[in-house]
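Shown below: run23.cif, with mmCIF, C-alpha atoms; chains and numbers go by the auth columns.
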```
data_query
#
loop_
_atom_site.group_PDB
_atom_site.id
_atom_site.type_symbol
_atom_site.label_atom_id
_atom_site.label_comp_id
_atom_site.label_asym_id
_atom_site.label_seq_id
_atom_site.Cartn_x
_atom_site.Cartn_y
_atom_site.Cartn_z
_atom_site.B_iso_or_equiv
_atom_site.auth_seq_id
_atom_site.auth_asym_id
ATOM 1 C CA MET A 1 20.735 2.694 -10.516 0.00 1 A
ATOM 2 C CA ALA A 2 18.940 0.346 -12.890 0.00 2 A
ATOM 3 C CA ARG A 3 16.620 -2.266 -11.400 0.00 3 A
ATOM 4 C CA THR A 4 16.875 -5.960 -12.176 0.00 4 A
ATOM 5 C CA ASP A 5 14.017 -7.468 -14.169 0.00 5 A
ATOM 6 C CA GLU A 6 12.802 -9.155 -10.971 0.00 6 A
ATOM 7 C CA ALA A 7 12.821 -5.880 -9.027 0.00 7 A
ATOM 8 C CA GLU A 8 11.101 -4.039 -11.879 0.00 8 A
ATOM 9 C CA ALA A 9 8.389 -6.718 -11.978 0.00 9 A
ATOM 10 C CA PHE A 10 7.891 -6.411 -8.207 0.00 10 A
ATOM 11 C CA PHE A 11 7.624 -2.597 -8.361 0.00 11 A
ATOM 12 C CA HIS A 12 5.121 -2.916 -11.206 0.00 12 A
ATOM 13 C CA ALA A 13 3.034 -5.477 -9.287 0.00 13 A
ATOM 14 C CA VAL A 14 3.028 -3.338 -6.140 0.00 14 A
ATOM 15 C CA TYR A 15 2.095 -0.119 -7.934 0.00 15 A
ATOM 16 C CA SER A 16 -0.631 -1.894 -9.940 0.00 16 A
ATOM 17 C CA ALA A 17 -2.095 -3.434 -6.776 0.00 17 A
ATOM 18 C CA ILE A 18 -2.102 -0.081 -4.970 0.00 18 A
ATOM 19 C CA GLN A 19 -3.986 1.465 -7.887 0.00 19 A
ATOM 20 C CA GLU A 20 -6.855 -0.917 -7.066 0.00 20 A
ATOM 21 C CA ILE A 21 -7.367 0.365 -3.506 0.00 21 A
ATOM 22 C CA PRO A 22 -10.699 2.206 -3.572 0.00 22 A
ATOM 23 C CA TYR A 23 -10.976 5.908 -2.822 0.00 23 A
ATOM 24 C CA GLY A 24 -11.568 6.446 0.895 0.00 24 A
ATOM 25 C CA LYS A 25 -10.092 3.075 1.915 0.00 25 A
ATOM 26 C CA VAL A 26 -6.709 2.000 3.295 0.00 26 A
ATOM 27 C CA THR A 27 -4.771 -1.231 3.509 0.00 27 A
ATOM 28 C CA SER A 28 -1.458 -2.360 4.963 0.00 28 A
ATOM 29 C CA TYR A 29 1.963 -2.875 3.440 0.00 29 A
ATOM 30 C CA GLY A 30 1.637 -6.530 4.408 0.00 30 A
ATOM 31 C CA HIS A 31 -1.693 -6.946 2.648 0.00 31 A
ATOM 32 C CA ILE A 32 -0.307 -5.497 -0.573 0.00 32 A
ATOM 33 C CA ALA A 33 2.613 -7.937 -0.260 0.00 33 A
ATOM 34 C CA ARG A 34 0.121 -10.829 0.102 0.00 34 A
ATOM 35 C CA LEU A 35 -1.964 -9.653 -2.854 0.00 35 A
ATOM 36 C CA VAL A 36 1.087 -9.630 -5.139 0.00 36 A
ATOM 37 C CA GLY A 37 2.138 -13.105 -3.994 0.00 37 A
ATOM 38 C CA THR A 38 4.995 -12.214 -1.636 0.00 38 A
ATOM 39 C CA PRO A 39 3.560 -12.175 1.896 0.00 39 A
ATOM 40 C CA GLN A 40 7.061 -12.168 3.376 0.00 40 A
ATOM 41 C CA ARG A 41 7.939 -8.796 1.781 0.00 41 A
ATOM 42 C CA PRO A 42 5.866 -5.988 3.396 0.00 42 A
ATOM 43 C CA ARG A 43 8.949 -3.833 3.949 0.00 43 A
ATOM 44 C CA GLN A 44 9.774 -4.033 0.263 0.00 44 A
ATOM 45 C CA VAL A 45 6.300 -2.640 -0.469 0.00 45 A
ATOM 46 C CA GLY A 46 7.344 0.361 1.624 0.00 46 A
ATOM 47 C CA VAL A 47 10.570 0.624 -0.363 0.00 47 A
ATOM 48 C CA CYS A 48 8.539 0.718 -3.582 0.00 48 A
ATOM 49 C CA LEU A 49 6.455 3.576 -2.218 0.00 49 A
ATOM 50 C CA LYS A 50 9.559 5.398 -1.026 0.00 50 A
ATOM 51 C CA HIS A 51 10.840 5.292 -4.609 0.00 51 A
ATOM 52 C CA LEU A 52 7.538 6.191 -6.289 0.00 52 A
ATOM 53 C CA PRO A 53 8.446 8.779 -8.929 0.00 53 A
ATOM 54 C CA SER A 54 6.838 12.212 -9.004 0.00 54 A
ATOM 55 C CA ASP A 55 7.527 12.527 -12.739 0.00 55 A
ATOM 56 C CA ALA A 56 4.105 12.277 -14.434 0.00 56 A
ATOM 57 C CA SER A 57 5.737 11.051 -17.654 0.00 57 A
ATOM 58 C CA MET A 58 6.565 7.749 -15.925 0.00 58 A
ATOM 59 C CA THR A 59 4.115 4.816 -16.139 0.00 59 A
ATOM 60 C CA PHE A 60 3.666 4.870 -12.346 0.00 60 A
ATOM 61 C CA HIS A 61 3.977 8.093 -10.355 0.00 61 A
ATOM 62 C CA ASN A 62 2.577 9.757 -7.254 0.00 62 A
ATOM 63 C CA GLY A 63 -0.291 11.187 -9.311 0.00 63 A
ATOM 64 C CA ASN A 64 -1.678 7.807 -10.405 0.00 64 A
ATOM 65 C CA VAL A 65 -0.609 5.488 -7.561 0.00 65 A
ATOM 66 C CA PRO A 66 -2.569 6.344 -4.388 0.00 66 A
ATOM 67 C CA TRP A 67 0.400 5.906 -2.041 0.00 67 A
ATOM 68 C CA GLN A 68 -1.516 7.542 0.814 0.00 68 A
ATOM 69 C CA ARG A 69 -3.828 4.524 1.084 0.00 69 A
ATOM 70 C CA VAL A 70 -1.099 2.193 2.411 0.00 70 A
ATOM 71 C CA ILE A 71 -0.344 2.268 6.135 0.00 71 A
ATOM 72 C CA ASN A 72 1.177 -0.120 8.648 0.00 72 A
ATOM 73 C CA SER A 73 -0.536 -3.216 10.028 0.00 73 A
ATOM 74 C CA LYS A 74 -1.543 -1.437 13.241 0.00 74 A
ATOM 75 C CA GLY A 75 -3.415 1.265 11.339 0.00 75 A
ATOM 76 C CA VAL A 76 -0.666 3.797 11.972 0.00 76 A
ATOM 77 C CA ILE A 77 0.647 6.146 9.312 0.00 77 A
ATOM 78 C CA SER A 78 4.338 5.325 9.245 0.00 78 A
ATOM 79 C CA PRO A 79 6.791 8.172 9.739 0.00 79 A
ATOM 80 C CA ARG A 80 8.536 9.291 6.590 0.00 80 A
ATOM 81 C CA GLY A 81 12.041 10.582 5.989 0.00 81 A
ATOM 82 C CA HIS A 82 10.643 14.112 5.968 0.00 82 A
ATOM 83 C CA PRO A 83 9.291 15.381 9.318 0.00 83 A
ATOM 84 C CA SER A 84 5.936 16.361 7.800 0.00 84 A
ATOM 85 C CA GLY A 85 5.528 13.135 5.758 0.00 85 A
ATOM 86 C CA ALA A 86 2.991 11.435 8.036 0.00 86 A
ATOM 87 C CA ALA A 87 1.057 14.690 8.454 0.00 87 A
ATOM 88 C CA ASN A 88 0.954 15.112 4.679 0.00 88 A
ATOM 89 C CA GLN A 89 -0.346 11.563 4.234 0.00 89 A
ATOM 90 C CA ALA A 90 -3.003 12.214 6.896 0.00 90 A
ATOM 91 C CA ARG A 91 -4.032 15.416 5.100 0.00 91 A
ATOM 92 C CA VAL A 92 -4.447 13.587 1.780 0.00 92 A
ATOM 93 C CA LEU A 93 -6.441 10.775 3.430 0.00 93 A
ATOM 94 C CA ARG A 94 -8.694 13.290 5.179 0.00 94 A
ATOM 95 C CA GLY A 95 -9.300 14.824 1.755 0.00 95 A
ATOM 96 C CA GLU A 96 -10.710 11.420 0.723 0.00 96 A
ATOM 97 C CA GLY A 97 -13.047 11.416 3.719 0.00 97 A
ATOM 98 C CA VAL A 98 -10.926 9.092 5.860 0.00 98 A
ATOM 99 C CA THR A 99 -10.941 9.946 9.563 0.00 99 A
ATOM 100 C CA VAL A 100 -7.383 10.139 10.882 0.00 100 A
ATOM 101 C CA ASN A 101 -7.024 10.265 14.664 0.00 101 A
ATOM 102 C CA THR A 102 -4.027 10.986 16.871 0.00 102 A
ATOM 103 C CA SER A 103 -3.182 8.316 19.444 0.00 103 A
ATOM 104 C CA ASN A 104 -2.028 8.997 23.011 0.00 104 A
ATOM 105 C CA MET A 105 1.512 8.444 21.702 0.00 105 A
ATOM 106 C CA GLY A 106 1.028 11.115 19.037 0.00 106 A
ATOM 107 C CA GLU A 107 0.775 8.616 16.153 0.00 107 A
ATOM 108 C CA LEU A 108 -1.609 9.321 13.293 0.00 108 A
ATOM 109 C CA MET A 109 -4.019 6.379 13.009 0.00 109 A
ATOM 110 C CA VAL A 110 -6.819 5.098 10.791 0.00 110 A
ATOM 111 C CA ASP A 111 -9.512 2.652 11.933 0.00 111 A
ATOM 112 C CA PHE A 112 -9.258 -0.483 9.775 0.00 112 A
ATOM 113 C CA VAL A 113 -12.756 -1.572 10.845 0.00 113 A
ATOM 114 C CA GLU A 114 -14.237 1.493 9.185 0.00 114 A
ATOM 115 C CA TYR A 115 -11.762 2.207 6.369 0.00 115 A
ATOM 116 C CA GLY A 116 -9.854 -1.039 5.834 0.00 116 A
ATOM 117 C CA TRP A 117 -9.650 -2.750 2.441 0.00 117 A
ATOM 118 C CA PHE A 118 -8.546 -6.377 2.716 0.00 118 A
ATOM 119 C CA PRO A 119 -9.841 -8.431 -0.223 0.00 119 A
ATOM 120 C CA LYS A 120 -8.712 -12.031 -0.606 0.00 120 A
ATOM 121 C CA GLN A 121 -7.446 -11.145 -4.083 0.00 121 A
ATOM 122 C CA LEU A 122 -7.140 -8.114 -6.325 0.00 122 A
ATOM 123 C CA PRO A 123 -10.404 -7.156 -8.029 0.00 123 A
ATOM 124 C CA SER A 124 -8.663 -7.265 -11.432 0.00 124 A
ATOM 125 C CA GLU A 125 -7.548 -10.855 -10.796 0.00 125 A
ATOM 126 C CA ALA A 126 -11.021 -11.890 -9.613 0.00 126 A
ATOM 127 C CA ALA A 127 -12.547 -10.309 -12.742 0.00 127 A
ATOM 128 C CA ALA A 128 -10.086 -12.276 -14.875 0.00 128 A
ATOM 129 C CA GLY A 129 -11.177 -15.513 -13.187 0.00 129 A
ATOM 130 C CA LEU A 130 -7.820 -16.122 -11.497 0.00 130 A
ATOM 131 C CA GLU A 131 -7.636 -18.074 -8.252 0.00 131 A
ATOM 132 C CA PRO A 132 -6.396 -16.249 -5.125 0.00 132 A
ATOM 133 C CA HIS A 133 -2.856 -16.956 -3.932 0.00 133 A
ATOM 134 C CA GLU A 134 -2.738 -19.733 -1.326 0.00 134 A
ATOM 135 C CA TYR A 135 -0.394 -19.546 1.655 0.00 135 A
ATOM 136 C CA SER A 136 0.549 -21.896 4.442 0.00 136 A
ATOM 137 C CA ASP A 137 0.177 -20.711 8.031 0.00 137 A
ATOM 138 C CA ASP A 138 3.892 -19.932 8.320 0.00 138 A
ATOM 139 C CA GLU A 139 3.695 -17.444 5.436 0.00 139 A
ATOM 140 C CA GLU A 140 1.040 -15.250 7.064 0.00 140 A
#
```
Write the structure described by the file as structure tokens, please.
Amino acid sequence: MARTDEAEAFFHAVYSAIQEIPYGKVTSYGHIARLVGTPQRPRQVGVCLKHLPSDASMTFHNGNVPWQRVINSKGVISPRGHPSGAANQARVLRGEGVTVNTSNMGELMVDFVEYGWFPKQLPSEAAAGLEPHEYSDDEE
């Protein structure tokens, strides 16, 4: 199904933002949503990642968008549609030197204090001299 221009622009913004997450760091779906100017849309960030193509001929694909670096706001690797999805994400993160622990509930977790990446704005926007997005308290 073809995407609307608005949806295509959102996917592009999300994938571009995720490409800026440094190696060995993680951030949340919600923080990516904030960085692209839509703090109310963290679930849609997850939808973008769910639909990240594997076809390397596409502009954005799972080889150039570090999907593994986005986790939920509690530091938990979200379960995927495939039973081994969270374990696969943990494996890839460990390959980047990120420590992934298992909680008492069996959830795979990353410590945001040690590995979190939460800039006020995207490095590319800061380099371009753009001002960070401003939000009211009810948008956080």
Residue neighbourhood Trp117 in chain A, 12 Å, only C-alpha atoms, exclusion window fewer than 6 positions, as a VMD selection string: chain A and resid 17 to 18 20 to 29 31 to 32 35 69 to 71 73 75 110 to 111 123
Who sits within 9 Å of Leu49 in chain A, all atoms listed in the file, same chain under 6 positions skipped, as a list in words: Phe11, Val14, Tyr15, Asn62, Trp67 and Val70 of chain A
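Between CA of Gln40 in chain A and CA of Ala13 in chain A the interatomic distance comes to 14.9 Å.
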Pairwise distance for CA of Thr59 in chain A and CA of Thr4 in chain A, rounded to one decimal in Å: 17.2 Å
Atom-to-atom span, CA of Glu107 in chain A and CA of Val47 in chain A, Å: 20.8 Å
Selection result of the PyMOL selection byres ((chain A and resi 90) around 12) on this file, as a PyMOL selection string: chain A and resi 24+26+67-71+75-80+84-89+91-102+107-110
Residue with smallest distance to Phe60 in chain A - pool A:Pro132, A:Ser16, A:Arg43, A:Val36, counting only C-alpha atoms: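 Distance minimum relative to Phe60 in chain A lands on A:Ser16.
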